[in-house]
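Note: the block below is work-v8.tsv and it holds TSV, C-alpha atoms and all ligand atoms.
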```tsv
chain	number	residue	atom	x	y	z
A	5	MET	CA	-15.74	-20.55	3.65
A	6	ARG	CA	-12.59	-20.38	5.81
A	7	ARG	CA	-12.07	-16.73	6.70
A	8	ALA	CA	-8.79	-15.46	5.35
A	9	THR	CA	-6.58	-14.47	8.24
A	10	VAL	CA	-5.00	-11.08	8.61
A	11	ASP	CA	-1.34	-10.93	9.56
A	12	PHE	CA	-0.50	-8.10	11.98
A	13	GLY	CA	3.21	-8.02	11.26
A	14	ALA	CA	5.76	-6.25	13.43
A	15	ALA	CA	6.33	-2.62	12.54
A	16	GLY	CA	9.49	-1.88	10.54
A	17	VAL	CA	12.81	-1.97	12.36
A	18	ALA	CA	13.60	1.47	13.85
A	19	GLY	CA	15.79	3.59	11.61
A	20	THR	CA	14.87	1.75	8.46
A	21	ASP	CA	11.69	1.76	6.44
A	22	ALA	CA	8.83	2.57	8.82
A	23	TYR	CA	6.30	1.23	6.34
A	24	PRO	CA	7.75	-1.67	4.33
A	25	SER	CA	5.46	-2.75	1.49
A	26	ARG	CA	5.64	-4.81	-1.73
A	27	ARG	CA	8.53	-6.79	-0.28
A	28	ALA	CA	7.06	-9.89	1.33
A	29	GLN	CA	5.17	-12.72	-0.28
A	30	ARG	CA	2.25	-12.14	2.06
A	31	PRO	CA	0.39	-8.94	2.93
A	32	SER	CA	0.18	-7.71	6.52
A	33	ILE	CA	-1.33	-4.89	8.55
A	34	LEU	CA	1.21	-2.72	10.37
A	35	PRO	CA	0.45	-0.04	12.95
A	36	ARG	CA	0.60	3.60	11.94
A	37	ARG	CA	3.72	5.11	13.48
A	38	ASP	CA	2.78	8.73	12.88
A	39	ARG	CA	0.19	11.07	14.32
A	40	CYS	CA	-3.14	11.39	12.47
A	41	VAL	CA	-3.28	15.12	13.25
A	42	TYR	CA	-0.38	17.37	14.20
A	43	GLY	CA	-0.35	20.31	16.61
A	44	SER	CA	-3.57	20.85	18.53
A	45	TRP	CA	-6.97	22.35	17.88
A	46	ARG	CA	-7.24	26.09	18.46
A	47	ALA	CA	-10.44	28.12	18.64
A	48	GLY	CA	-10.86	30.62	15.84
A	49	GLY	CA	-9.25	28.33	13.27
A	50	PRO	CA	-10.84	26.94	10.08
A	51	LEU	CA	-12.30	23.84	11.78
A	52	THR	CA	-14.65	23.44	14.70
A	53	ARG	CA	-13.53	21.18	17.55
A	54	GLY	CA	-15.98	18.57	16.30
A	55	GLN	CA	-14.61	18.68	12.74
A	56	TYR	CA	-11.01	18.46	13.98
A	57	ASP	CA	-11.78	15.50	16.25
A	58	ALA	CA	-13.79	13.76	13.52
A	59	TYR	CA	-10.84	14.02	11.13
A	60	ALA	CA	-8.46	12.66	13.79
A	61	GLU	CA	-10.81	9.78	14.50
A	62	ARG	CA	-12.11	8.89	11.02
A	63	GLY	CA	-9.25	10.01	8.77
A	64	PHE	CA	-11.44	12.29	6.64
A	65	LEU	CA	-13.85	15.21	6.80
A	66	VAL	CA	-16.57	16.38	4.38
A	67	LEU	CA	-16.97	20.18	4.25
A	68	ASP	CA	-20.14	21.28	2.47
A	69	ASN	CA	-20.37	24.48	0.40
A	70	LEU	CA	-16.83	25.67	1.01
A	71	PHE	CA	-16.87	27.36	-2.42
A	72	THR	CA	-19.61	29.66	-3.70
A	73	ASP	CA	-21.70	28.90	-6.79
A	74	THR	CA	-19.76	31.58	-8.67
A	75	GLN	CA	-16.41	30.05	-7.73
A	76	VAL	CA	-17.66	26.58	-8.65
A	77	ALA	CA	-18.85	27.93	-12.01
A	78	ALA	CA	-15.34	29.27	-12.67
A	79	LEU	CA	-13.79	25.92	-11.74
A	80	ARG	CA	-16.27	23.98	-13.89
A	81	TYR	CA	-15.60	26.29	-16.84
A	82	GLU	CA	-11.86	25.74	-16.39
A	83	SER	CA	-12.32	21.97	-16.08
A	84	GLN	CA	-14.25	21.94	-19.38
A	85	ARG	CA	-11.63	24.16	-21.01
A	86	LEU	CA	-8.82	21.84	-19.91
A	87	ARG	CA	-10.73	18.83	-21.24
A	88	GLN	CA	-11.55	20.50	-24.57
A	89	HIS	CA	-8.02	21.88	-25.03
A	90	ALA	CA	-6.17	18.83	-23.70
A	91	ALA	CA	-4.00	18.94	-26.84
A	92	THR	CA	-2.41	22.14	-25.52
A	93	LEU	CA	-1.38	20.49	-22.24
A	94	ASP	CA	1.72	18.43	-21.39
A	95	PRO	CA	0.81	15.07	-22.98
A	96	ASP	CA	2.47	13.12	-20.15
A	97	THR	CA	-0.05	14.58	-17.70
A	98	LEU	CA	-3.07	13.29	-19.66
A	99	ILE	CA	-4.23	9.90	-18.36
A	100	ARG	CA	-6.83	8.03	-20.43
A	101	GLU	CA	-9.35	5.47	-19.16
A	102	PRO	CA	-8.37	1.82	-19.54
A	103	GLU	CA	-9.61	0.19	-22.80
A	104	ILE	CA	-11.09	3.48	-24.15
A	105	ARG	CA	-9.60	6.86	-25.04
A	106	GLU	CA	-11.80	8.93	-22.71
A	107	LEU	CA	-9.76	11.34	-20.60
A	108	ARG	CA	-9.56	10.03	-16.99
A	109	SER	CA	-7.24	12.53	-15.28
A	110	VAL	CA	-5.17	15.61	-15.95
A	111	PHE	CA	-2.20	15.76	-13.57
A	112	HIS	CA	-0.16	18.82	-12.58
A	113	VAL	CA	-3.21	21.05	-13.07
A	114	HIS	CA	-1.92	23.71	-10.67
A	115	ARG	CA	1.02	24.19	-13.04
A	116	GLN	CA	-1.02	24.14	-16.24
A	117	SER	CA	-3.93	26.37	-15.25
A	118	GLU	CA	-3.89	29.78	-13.57
A	119	CYS	CA	-7.37	29.11	-12.17
A	120	MET	CA	-6.26	25.79	-10.63
A	121	ALA	CA	-3.11	27.46	-9.29
A	122	ARG	CA	-5.32	29.96	-7.45
A	123	LEU	CA	-7.46	27.10	-6.14
A	124	ALA	CA	-4.35	25.29	-4.86
A	125	SER	CA	-3.29	28.38	-2.91
A	126	ASP	CA	-6.79	29.33	-1.75
A	127	PRO	CA	-6.42	30.62	1.83
A	128	ARG	CA	-9.31	28.47	3.11
A	129	LEU	CA	-7.69	25.25	1.88
A	130	LEU	CA	-4.26	26.27	3.14
A	131	ALA	CA	-5.68	27.14	6.56
A	132	ILE	CA	-7.28	23.68	6.85
A	133	ALA	CA	-4.07	21.91	5.76
A	134	HIS	CA	-1.97	24.00	8.16
A	135	CYS	CA	-4.42	23.24	11.00
A	136	LEU	CA	-4.17	19.45	10.46
A	137	LEU	CA	-0.48	19.17	9.48
A	138	ASP	CA	0.82	21.98	11.71
A	139	ASP	CA	3.68	22.76	9.32
A	140	PRO	CA	4.49	24.77	6.22
A	141	ILE	CA	3.20	22.76	3.25
A	142	TYR	CA	3.86	22.35	-0.44
A	143	ILE	CA	1.89	20.69	-3.23
A	144	HIS	CA	2.98	17.08	-3.70
A	145	GLN	CA	0.47	16.37	-6.50
A	146	SER	CA	-2.58	17.89	-8.18
A	147	ARG	CA	-5.01	16.32	-10.60
A	148	LEU	CA	-8.40	16.79	-12.19
A	149	ASN	CA	-10.29	13.47	-12.15
A	150	LEU	CA	-13.06	13.74	-14.73
A	151	LYS	CA	-14.96	10.47	-14.16
A	152	PRO	CA	-17.19	11.19	-17.18
A	153	GLY	CA	-20.76	9.88	-17.42
A	154	PHE	CA	-21.03	6.24	-18.64
A	155	ASP	CA	-17.24	5.99	-19.25
A	156	GLY	CA	-15.65	6.93	-15.91
A	157	ARG	CA	-14.00	3.73	-14.68
A	158	GLU	CA	-13.34	2.74	-11.06
A	159	PHE	CA	-10.41	3.63	-8.81
A	160	TYR	CA	-9.93	0.40	-6.85
A	161	TRP	CA	-9.32	0.51	-3.07
A	162	HIS	CA	-5.91	1.90	-2.13
A	163	SER	CA	-3.94	3.95	0.34
A	164	ASP	CA	-2.33	6.87	-1.46
A	165	PHE	CA	0.51	6.82	1.08
A	166	GLU	CA	1.42	3.22	0.22
A	167	THR	CA	2.11	4.35	-3.34
A	168	TRP	CA	3.70	7.67	-2.39
A	169	HIS	CA	5.99	5.85	0.07
A	170	VAL	CA	7.03	2.93	-2.17
A	171	GLU	CA	7.11	4.72	-5.54
A	172	ASP	CA	7.84	8.35	-4.55
A	173	GLY	CA	9.85	8.03	-1.32
A	174	MET	CA	7.45	9.94	0.95
A	175	PRO	CA	8.95	9.03	4.33
A	176	ARG	CA	6.13	9.51	6.84
A	177	MET	CA	2.41	10.12	7.08
A	178	ARG	CA	2.23	13.93	7.25
A	179	ALA	CA	0.26	14.70	4.08
A	180	LEU	CA	-3.37	14.98	3.11
A	181	SER	CA	-5.59	15.26	0.03
A	182	MET	CA	-8.47	17.60	-0.66
A	183	SER	CA	-11.08	16.63	-3.24
A	184	ILE	CA	-13.09	19.63	-4.48
A	185	ALA	CA	-16.37	18.59	-6.08
A	186	LEU	CA	-17.12	20.29	-9.40
A	187	ASP	CA	-20.20	18.15	-10.02
A	188	GLU	CA	-22.86	16.75	-7.74
A	189	ASN	CA	-21.20	13.72	-6.11
A	190	THR	CA	-24.20	11.45	-5.59
A	191	ALA	CA	-24.56	7.87	-4.35
A	192	CYS	CA	-24.87	6.84	-8.02
A	193	ASN	CA	-22.10	8.45	-10.09
A	194	GLY	CA	-19.05	6.91	-8.42
A	195	PRO	CA	-18.44	9.04	-5.33
A	196	LEU	CA	-15.24	8.71	-3.33
A	197	MET	CA	-15.74	5.93	-0.73
A	198	LEU	CA	-13.60	6.00	2.41
A	199	ILE	CA	-13.12	3.53	5.26
A	200	PRO	CA	-13.39	5.42	8.56
A	201	GLY	CA	-10.46	4.76	10.91
A	202	SER	CA	-8.43	2.97	8.23
A	203	GLN	CA	-5.75	5.67	8.41
A	204	ARG	CA	-4.53	4.12	11.65
A	205	HIS	CA	-3.46	0.88	9.93
A	206	PHE	CA	-0.84	0.51	7.20
A	207	VAL	CA	-1.74	-2.32	4.82
A	208	SER	CA	1.62	-3.66	3.67
A	209	CYS	CA	1.00	-5.11	0.21
A	210	ALA	CA	2.51	-8.30	-1.15
A	211	GLY	CA	4.31	-8.46	-4.47
A	212	THR	CA	6.60	-6.07	-6.27
A	213	THR	CA	6.45	-2.92	-8.40
A	214	PRO	CA	6.81	-3.14	-12.18
A	215	ARG	CA	9.13	-0.69	-13.94
A	216	ASP	CA	7.38	2.58	-14.91
A	217	HIS	CA	4.37	1.29	-12.98
A	218	TYR	CA	2.63	4.69	-13.10
A	219	LYS	CA	2.05	4.31	-16.85
A	220	GLN	CA	-0.42	1.58	-15.97
A	221	SER	CA	-1.40	2.29	-12.35
A	222	LEU	CA	-2.90	5.73	-13.05
A	223	ARG	CA	-5.32	4.03	-15.47
A	224	ARG	CA	-6.00	0.95	-13.34
A	225	GLN	CA	-3.89	0.10	-10.28
A	226	GLU	CA	-2.99	-3.60	-9.94
A	227	TYR	CA	0.15	-3.46	-7.76
A	228	GLY	CA	0.27	-1.90	-4.31
A	229	VAL	CA	-3.37	-2.89	-4.01
A	230	PRO	CA	-4.56	-4.09	-0.58
A	231	ASP	CA	-5.55	-7.74	-0.23
A	232	ARG	CA	-9.17	-8.68	0.34
A	233	ALA	CA	-8.67	-10.03	3.88
A	234	SER	CA	-7.11	-6.74	5.01
A	235	LEU	CA	-9.81	-4.71	3.27
A	236	ALA	CA	-12.55	-6.85	4.84
A	237	TRP	CA	-10.96	-6.38	8.26
A	238	LEU	CA	-10.75	-2.56	7.83
A	239	VAL	CA	-14.38	-2.42	6.69
A	240	GLU	CA	-15.42	-4.63	9.61
A	241	GLN	CA	-13.81	-2.05	11.94
A	242	GLY	CA	-15.03	1.12	10.32
A	243	GLY	CA	-17.61	0.51	7.63
A	244	ILE	CA	-17.66	2.44	4.33
A	245	HIS	CA	-18.58	6.09	3.95
A	246	PRO	CA	-19.64	7.40	0.48
A	247	ALA	CA	-18.50	11.03	0.35
A	248	VAL	CA	-21.54	12.51	-1.39
A	249	GLY	CA	-21.67	16.27	-1.68
A	250	ALA	CA	-22.78	19.20	-3.80
A	251	PRO	CA	-20.46	21.08	-6.16
A	252	GLY	CA	-18.21	23.26	-4.01
A	253	SER	CA	-17.99	20.72	-1.18
A	254	VAL	CA	-14.54	19.46	-0.17
A	255	VAL	CA	-13.44	16.07	1.17
A	256	VAL	CA	-10.25	16.33	3.23
A	257	PHE	CA	-8.62	12.93	3.77
A	258	ASP	CA	-5.41	11.63	5.31
A	259	CYS	CA	-2.70	10.24	3.03
A	260	ASN	CA	-3.28	6.76	4.47
A	261	THR	CA	-7.07	6.63	4.62
A	262	MET	CA	-8.17	3.66	2.51
A	263	HIS	CA	-10.43	4.85	-0.32
A	264	GLY	CA	-11.67	4.04	-3.78
A	265	SER	CA	-14.58	4.76	-6.10
A	266	SER	CA	-16.79	2.70	-8.35
A	267	GLY	CA	-17.22	3.24	-12.06
A	268	ASN	CA	-19.71	5.83	-13.26
A	269	ILE	CA	-22.49	4.20	-15.30
A	270	THR	CA	-24.84	7.17	-15.01
A	271	PRO	CA	-25.16	10.07	-17.47
A	272	TRP	CA	-23.93	12.40	-14.70
A	273	PRO	CA	-20.19	13.28	-14.73
A	274	ARG	CA	-18.31	13.40	-11.42
A	275	ALA	CA	-15.41	15.78	-11.94
A	276	ASN	CA	-13.33	16.57	-8.85
A	277	VAL	CA	-10.06	18.43	-8.40
A	278	PHE	CA	-7.60	16.67	-6.06
A	279	LEU	CA	-4.86	18.64	-4.29
A	280	VAL	CA	-2.25	16.91	-2.14
A	281	TYR	CA	-0.49	18.95	0.54
A	282	ASN	CA	2.67	17.57	2.17
A	283	SER	CA	4.64	18.92	5.12
A	284	VAL	CA	7.94	20.49	4.06
A	285	ARG	CA	9.53	18.22	6.67
A	286	ASN	CA	8.22	15.21	4.75
A	287	ARG	CA	9.76	15.93	1.36
A	288	LEU	CA	10.41	12.94	-0.87
A	289	LEU	CA	13.49	10.77	-0.45
A	290	ALA	CA	14.55	7.95	-2.75
A	291	PRO	CA	11.57	5.66	-3.41
A	292	PHE	CA	11.41	2.99	-0.67
A	293	GLY	CA	10.61	0.41	-3.33
A	294	GLY	CA	14.03	0.94	-4.88
A	295	GLN	CA	12.67	1.97	-8.28
A	296	ALA	CA	13.54	5.15	-10.20
A	297	PRO	CA	11.58	8.17	-8.95
A	298	ARG	CA	8.29	8.95	-10.71
A	299	PRO	CA	8.15	12.13	-12.83
A	300	GLU	CA	7.69	15.61	-11.34
A	301	PHE	CA	4.12	15.91	-12.66
A	302	ILE	CA	3.07	13.07	-10.34
A	303	ALA	CA	5.34	13.71	-7.35
A	304	ALA	CA	6.98	17.10	-6.74
A	305	ARG	CA	10.71	16.97	-6.07
A	306	SER	CA	11.96	20.31	-7.35
A	307	GLU	CA	8.90	22.54	-6.78
A	308	VAL	CA	8.74	22.05	-3.01
A	309	GLU	CA	8.75	25.58	-1.63
A	310	ALA	CA	6.09	26.17	1.02
A	311	VAL	CA	2.83	27.44	-0.49
A	312	ARG	CA	2.33	30.94	0.91
A	313	ALA	CA	0.71	33.38	-1.48
A	314	PRO	CA	-2.99	33.04	-0.66
A	315	GLY	CA	-4.76	32.78	-3.95
A	316	ALA	CA	-8.51	32.72	-4.30
A	317	VAL	CA	-10.76	31.38	-7.02
A	318	ARG	CA	-12.15	34.49	-8.74
A	319	ALA	CA	-15.25	34.69	-10.89
A	320	ARG	CA	-14.39	34.58	-14.60
B	401	LIG	O1	-0.32	6.99	-7.77
B	401	LIG	C1	-0.81	8.06	-7.44
B	401	LIG	O2	-0.15	9.02	-6.97
B	401	LIG	C2	-2.28	8.25	-7.74
B	401	LIG	N1	-3.02	7.04	-7.61
B	401	LIG	C3	-4.18	6.96	-6.97
B	401	LIG	C4	-5.05	5.80	-7.22
B	401	LIG	N2	-4.56	7.88	-6.06
B	401	LIG	C5	-3.55	8.90	-5.73
B	401	LIG	C6	-2.87	9.36	-6.96
B	401	LIG	O3	-3.70	10.02	-7.81
B	402	FE	FE	-6.11	7.93	-4.32
```
Let's see the structure in the file written out as structure tokens.
Ligand code: 6CS
Ligand code: FE
Amino acid sequence: MRRATVDFGAAGVAGTDAYPSRRAQRPSILPRRDRCVYGSWRAGGPLTRGQYDAYAERGFLVLDNLFTDTQVAALRYESQRLRQHAATLDPDTLIREPEIRELRSVFHVHRQSECMARLASDPRLLAIAHCLLDDPIYIHQSRLNLKPGFDGREFYWHSDFETWHVEDGMPRMRALSMSIALDENTACNGPLMLIPGSQRHFVSCAGTTPRDHYKQSLRRQEYGVPDRASLAWLVEQGGIHPAVGAPGSVVVFDCNTMHGSSGNITPWPRANVFLVYNSVRNRLLAPFGGQAPRPEFIAARSEVEAVRAPGAVRAR
């Protein structure tokens, strides 16, 4: 079989879109034009030198047992409460699985749940985000991904930044996600899979963006999806790391680290809370794809004050 070639296009013209995507007929791989970590490592901070360097190199970090069993129990209770009382939440923030009615995600959880608001301003998480982004930060997006047993469908490979740049107008790569495990994330129940080192390459996708794309993409993303040749090349460089971990572990990953997760065909749910922290210097502009901005519950535009008040997840 002739190997598909990968096109290493020229980076965007200075002063325009640093990361053009969904414009050309063909995909390409562009160089990252931003740092992977900002500032410099300091002793006494939330990360060891090894953890800091591993994040800079691989584009993600798995922190085991960051939250205590009691804190995890409070988060699990709240996750169940949100699922059982979904009818009391903003209906726009409830995303169902494709083809079935099972709840896939609840967005804007830090604004719909006091417990999740405390999690989002937990001093340990803020300290890690500040250490890696070296700036005041605000919450760009929060969501509870339920990935229920048997019915939790896949999240195909993608770079969050590609979407946040094209559809939300996030200018540069100075943001990161934290995935807090509420269930055991095993090799079997659809753990987050990440491609080490992929954060250093921007996969510029072919094609366009349909109107109101998020109404479909949050259920199953089909636009802004990397091509197979580019994915194969990234995996050839860095392999694939399944981020398995116990409840209370946290995966910290760069906005441009390529990731995805398979469907969950086991009886074991894989609920995780995702929090996205963005530098206040990197607030959203007009979407680079030229479409209308996505709603506030997906991409914060008005609630963009720096997160300060350290919260903490308290026992119920
Ligand atoms: O479009 C977004 O913002 C969402 N889509 C994915 C697949 N990951 C990031 C985020 O939840
Ligand atoms: Fe994602």
Closest atom pairs, range 190-264 of chain A residues within 10 Å of range 296-314 of chain A, all atoms listed in the file, as CSV:
```
residue,atom,partner,partner_atom,distance
A:Arg215,CA,A:Ala296,CA,8.2
A:Asp216,CA,A:Arg298,CA,7.7
A:His217,CA,A:Arg298,CA,8.9
A:Tyr218,CA,A:Arg298,CA,7.5
A:Lys219,CA,A:Arg298,CA,9.9
A:Leu222,CA,A:Ile302,CA,9.8
```
**OP:** Quote the spacing between CA of Leu107 in chain A and CA of Asn268 in chain A in Å to one decimal place.
**Re:**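 CA of Leu107 in chain A sits 13.5 Å away from CA of Asn268 in chain A.
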**OP:** Counting all atoms listed in the file, name the residues that have an atom within 8 Å of an atom of ligand FE 402 (chain B); the answer should be given as a ChimeraX atom specification.
**Re:** /A:159,162-164,263-264
Could you produce a table of the residues of range 97-190 of chain A lying within 12 Å of range 234-257 of chain A, with the nearest pair of atoms per residue and their separation in Å rounded to one decimal, using all atoms listed in the file, ordered by chain and increasing residue number, as a tab-separated table?
```
residue	atom	partner	partner_atom	distance
A:Leu123	CA	A:Gly252	CA	11.6
A:Arg128	CA	A:Val254	CA	10.9
A:Leu129	CA	A:Val254	CA	9.2
A:Leu130	CA	A:Val256	CA	11.6
A:Ile132	CA	A:Val256	CA	8.7
A:Ala133	CA	A:Val256	CA	8.7
A:Cys135	CA	A:Val256	CA	11.9
A:Leu136	CA	A:Val256	CA	9.9
A:Leu137	CA	A:Phe257	CA	11.7
A:Tyr160	CA	A:Leu235	CA	11.3
A:Trp161	CA	A:Leu235	CA	8.2
A:His162	CA	A:Leu235	CA	9.4
A:Ser163	CA	A:Phe257	CA	10.7
A:Asp164	CA	A:Phe257	CA	10.2
A:Phe165	CA	A:Phe257	CA	11.3
A:Met177	CA	A:Phe257	CA	11.9
A:Arg178	CA	A:Phe257	CA	11.4
A:Ala179	CA	A:Phe257	CA	9.1
A:Leu180	CA	A:Phe257	CA	5.7
A:Ser181	CA	A:Phe257	CA	5.3
A:Met182	CA	A:Val256	CA	4.5
A:Ser183	CA	A:Val255	CA	5.0
A:Ile184	CA	A:Val254	CA	4.6
A:Ala185	CA	A:Pro251	CA	4.8
A:Leu186	CA	A:Pro251	CA	4.7
A:Asp187	CA	A:Pro251	CA	4.9
A:Glu188	CA	A:Ala250	CA	4.6
A:Asn189	CA	A:Val248	CA	4.9
A:Thr190	CA	A:Val248	CA	5.1
```
What would the file look like if the residues just selected were written as a compact mmCIF listing (two decimals), in the frame of the given file with C-alpha atoms?
```
# COMPACT_ATOMS: atom_id res chain seq x y z
CA LEU A 123 -7.46 27.10 -6.14
CA ARG A 128 -9.31 28.47 3.11
CA LEU A 129 -7.69 25.25 1.88
CA LEU A 130 -4.26 26.27 3.14
CA ILE A 132 -7.28 23.68 6.85
CA ALA A 133 -4.07 21.91 5.76
CA CYS A 135 -4.42 23.24 11.00
CA LEU A 136 -4.17 19.45 10.46
CA LEU A 137 -0.48 19.17 9.48
CA TYR A 160 -9.93 0.40 -6.85
CA TRP A 161 -9.32 0.51 -3.07
CA HIS A 162 -5.91 1.90 -2.13
CA SER A 163 -3.94 3.95 0.34
CA ASP A 164 -2.33 6.87 -1.46
CA PHE A 165 0.51 6.82 1.08
CA MET A 177 2.41 10.12 7.08
CA ARG A 178 2.23 13.93 7.25
CA ALA A 179 0.26 14.70 4.08
CA LEU A 180 -3.37 14.98 3.11
CA SER A 181 -5.59 15.26 0.03
CA MET A 182 -8.47 17.60 -0.66
CA SER A 183 -11.08 16.63 -3.24
CA ILE A 184 -13.09 19.63 -4.48
CA ALA A 185 -16.37 18.59 -6.08
CA LEU A 186 -17.12 20.29 -9.40
CA ASP A 187 -20.20 18.15 -10.02
CA GLU A 188 -22.86 16.75 -7.74
CA ASN A 189 -21.20 13.72 -6.11
CA THR A 190 -24.20 11.45 -5.59
```
**OP:** Could you please give me, as a PyMOL selection string, the residues of protein, DNA or RNA lying at most 12 Å from (-1.6, 22.1, -23.3) in the coordinate frame of the file, considering only C-alpha atoms?
**Re:** chain A and resi 85-98+110-113+115-117
Write to file, as a short mmCIF file (atom, residue, chain, number, x, y, z; two decimals), keeping the file's coordinate frame, the residues of the selection just made, with C-alpha atoms.
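This went into out_3.cif:
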```cif
data_model
loop_
_atom_site.label_atom_id
_atom_site.label_comp_id
_atom_site.auth_asym_id
_atom_site.auth_seq_id
_atom_site.Cartn_x
_atom_site.Cartn_y
_atom_site.Cartn_z
CA ARG A 85 -11.63 24.16 -21.01
CA LEU A 86 -8.82 21.84 -19.91
CA ARG A 87 -10.73 18.83 -21.24
CA GLN A 88 -11.55 20.50 -24.57
CA HIS A 89 -8.02 21.88 -25.03
CA ALA A 90 -6.17 18.83 -23.70
CA ALA A 91 -4.00 18.94 -26.84
CA THR A 92 -2.41 22.14 -25.52
CA LEU A 93 -1.38 20.49 -22.24
CA ASP A 94 1.72 18.43 -21.39
CA PRO A 95 0.81 15.07 -22.98
CA ASP A 96 2.47 13.12 -20.15
CA THR A 97 -0.05 14.58 -17.70
CA LEU A 98 -3.07 13.29 -19.66
CA VAL A 110 -5.17 15.61 -15.95
CA PHE A 111 -2.20 15.76 -13.57
CA HIS A 112 -0.16 18.82 -12.58
CA VAL A 113 -3.21 21.05 -13.07
CA ARG A 115 1.02 24.19 -13.04
CA GLN A 116 -1.02 24.14 -16.24
CA SER A 117 -3.93 26.37 -15.25
#
```
Original post:
Contacts of Ala58 in chain A at 12 Å or less, counting all atoms listed in the file, minus same-chain residues fewer than 6 places along, as a VMD selection string?
Top reply: chain A and resid 40 to 41 45 51 to 52 64 to 67 136 200 to 201 256 to 258
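Surrounding residues of (-16.3, 5.1, -11.5) at most 6 Å away are A:Gly156, A:Arg157, A:Glu158, A:Gly194, A:Ser265, A:Ser266, A:Gly267, A:Asn268 (based on all atoms listed in the file).
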Subject >> Option closest in space to ligand LIG 401 (chain B), from A:Val170, A:Phe292, A:Pro175, A:Thr212 [counting only C-alpha atoms and all ligand atoms] >> reply: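 Selected residue with least distance to ligand LIG 401 (chain B): A:Val170.
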Original post:
Nearest to ligand LIG 401 (chain B) among A:Arg223, A:Arg274, A:Arg80, A:Arg204, with distances taken over all atoms listed in the file: which residue is it?
Top reply: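 The shortest atom-to-atom distance to ligand LIG 401 (chain B) comes from A:Arg223.
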Using the incomplete input, complete range 150-166 of chain A to the level of N, CA and C atoms; output as a PDB file, keeping the file's coordinate frame.
```
ATOM      1  N   LEU A 150     -11.835  13.337 -14.016  1.00  0.00           N
ATOM      2  CA  LEU A 150     -13.060  13.740 -14.730  1.00  0.00           C
ATOM      3  C   LEU A 150     -14.224  12.789 -14.505  1.00  0.00           C
ATOM      4  N   LYS A 151     -13.939  11.517 -14.331  1.00  0.00           N
ATOM      5  CA  LYS A 151     -14.960  10.470 -14.160  1.00  0.00           C
ATOM      6  C   LYS A 151     -16.225  10.810 -14.979  1.00  0.00           C
ATOM      7  N   PRO A 152     -16.091  10.792 -16.312  1.00  0.00           N
ATOM      8  CA  PRO A 152     -17.190  11.190 -17.180  1.00  0.00           C
ATOM      9  C   PRO A 152     -18.386  10.242 -17.060  1.00  0.00           C
ATOM     10  N   GLY A 153     -19.562  10.725 -17.435  1.00  0.00           N
ATOM     11  CA  GLY A 153     -20.760   9.880 -17.420  1.00  0.00           C
ATOM     12  C   GLY A 153     -20.558   8.667 -18.324  1.00  0.00           C
ATOM     13  N   PHE A 154     -21.078   7.508 -17.906  1.00  0.00           N
ATOM     14  CA  PHE A 154     -21.030   6.240 -18.640  1.00  0.00           C
ATOM     15  C   PHE A 154     -19.619   5.664 -18.750  1.00  0.00           C
ATOM     16  N   ASP A 155     -18.587   6.520 -18.940  1.00  0.00           N
ATOM     17  CA  ASP A 155     -17.240   5.990 -19.250  1.00  0.00           C
ATOM     18  C   ASP A 155     -16.244   6.113 -18.098  1.00  0.00           C
ATOM     19  N   GLY A 156     -16.606   6.769 -17.013  1.00  0.00           N
ATOM     20  CA  GLY A 156     -15.650   6.930 -15.910  1.00  0.00           C
ATOM     21  C   GLY A 156     -15.452   5.609 -15.180  1.00  0.00           C
ATOM     22  N   ARG A 157     -14.248   5.045 -15.298  1.00  0.00           N
ATOM     23  CA  ARG A 157     -14.000   3.730 -14.680  1.00  0.00           C
ATOM     24  C   ARG A 157     -13.677   3.900 -13.211  1.00  0.00           C
ATOM     25  N   GLU A 158     -13.563   2.720 -12.519  1.00  0.00           N
ATOM     26  CA  GLU A 158     -13.340   2.740 -11.060  1.00  0.00           C
ATOM     27  C   GLU A 158     -11.906   3.133 -10.703  1.00  0.00           C
ATOM     28  N   PHE A 159     -11.729   3.534  -9.447  1.00  0.00           N
ATOM     29  CA  PHE A 159     -10.410   3.630  -8.810  1.00  0.00           C
ATOM     30  C   PHE A 159     -10.477   2.618  -7.676  1.00  0.00           C
ATOM     31  N   TYR A 160      -9.810   1.477  -7.844  1.00  0.00           N
ATOM     32  CA  TYR A 160      -9.930   0.400  -6.850  1.00  0.00           C
ATOM     33  C   TYR A 160      -9.395   0.876  -5.494  1.00  0.00           C
ATOM     34  N   TRP A 161      -9.762   0.145  -4.415  1.00  0.00           N
ATOM     35  CA  TRP A 161      -9.320   0.510  -3.070  1.00  0.00           C
ATOM     36  C   TRP A 161      -7.792   0.676  -2.999  1.00  0.00           C
ATOM     37  N   HIS A 162      -7.352   1.705  -2.332  1.00  0.00           N
ATOM     38  CA  HIS A 162      -5.910   1.900  -2.130  1.00  0.00           C
ATOM     39  C   HIS A 162      -5.673   2.929  -1.042  1.00  0.00           C
ATOM     40  N   SER A 163      -4.448   2.872  -0.526  1.00  0.00           N
ATOM     41  CA  SER A 163      -3.940   3.950   0.340  1.00  0.00           C
ATOM     42  C   SER A 163      -2.997   4.764  -0.533  1.00  0.00           C
ATOM     43  N   ASP A 164      -3.252   6.042  -0.671  1.00  0.00           N
ATOM     44  CA  ASP A 164      -2.330   6.870  -1.460  1.00  0.00           C
ATOM     45  C   ASP A 164      -0.921   6.784  -0.883  1.00  0.00           C
ATOM     46  N   PHE A 165      -0.834   6.804   0.461  1.00  0.00           N
ATOM     47  CA  PHE A 165       0.510   6.820   1.080  1.00  0.00           C
ATOM     48  C   PHE A 165       1.308   5.584   0.693  1.00  0.00           C
ATOM     49  N   GLU A 166       0.675   4.440   0.578  1.00  0.00           N
ATOM     50  CA  GLU A 166       1.420   3.220   0.220  1.00  0.00           C
ATOM     51  C   GLU A 166       2.158   3.445  -1.089  1.00  0.00           C
TER      52      GLU A 166
END
```
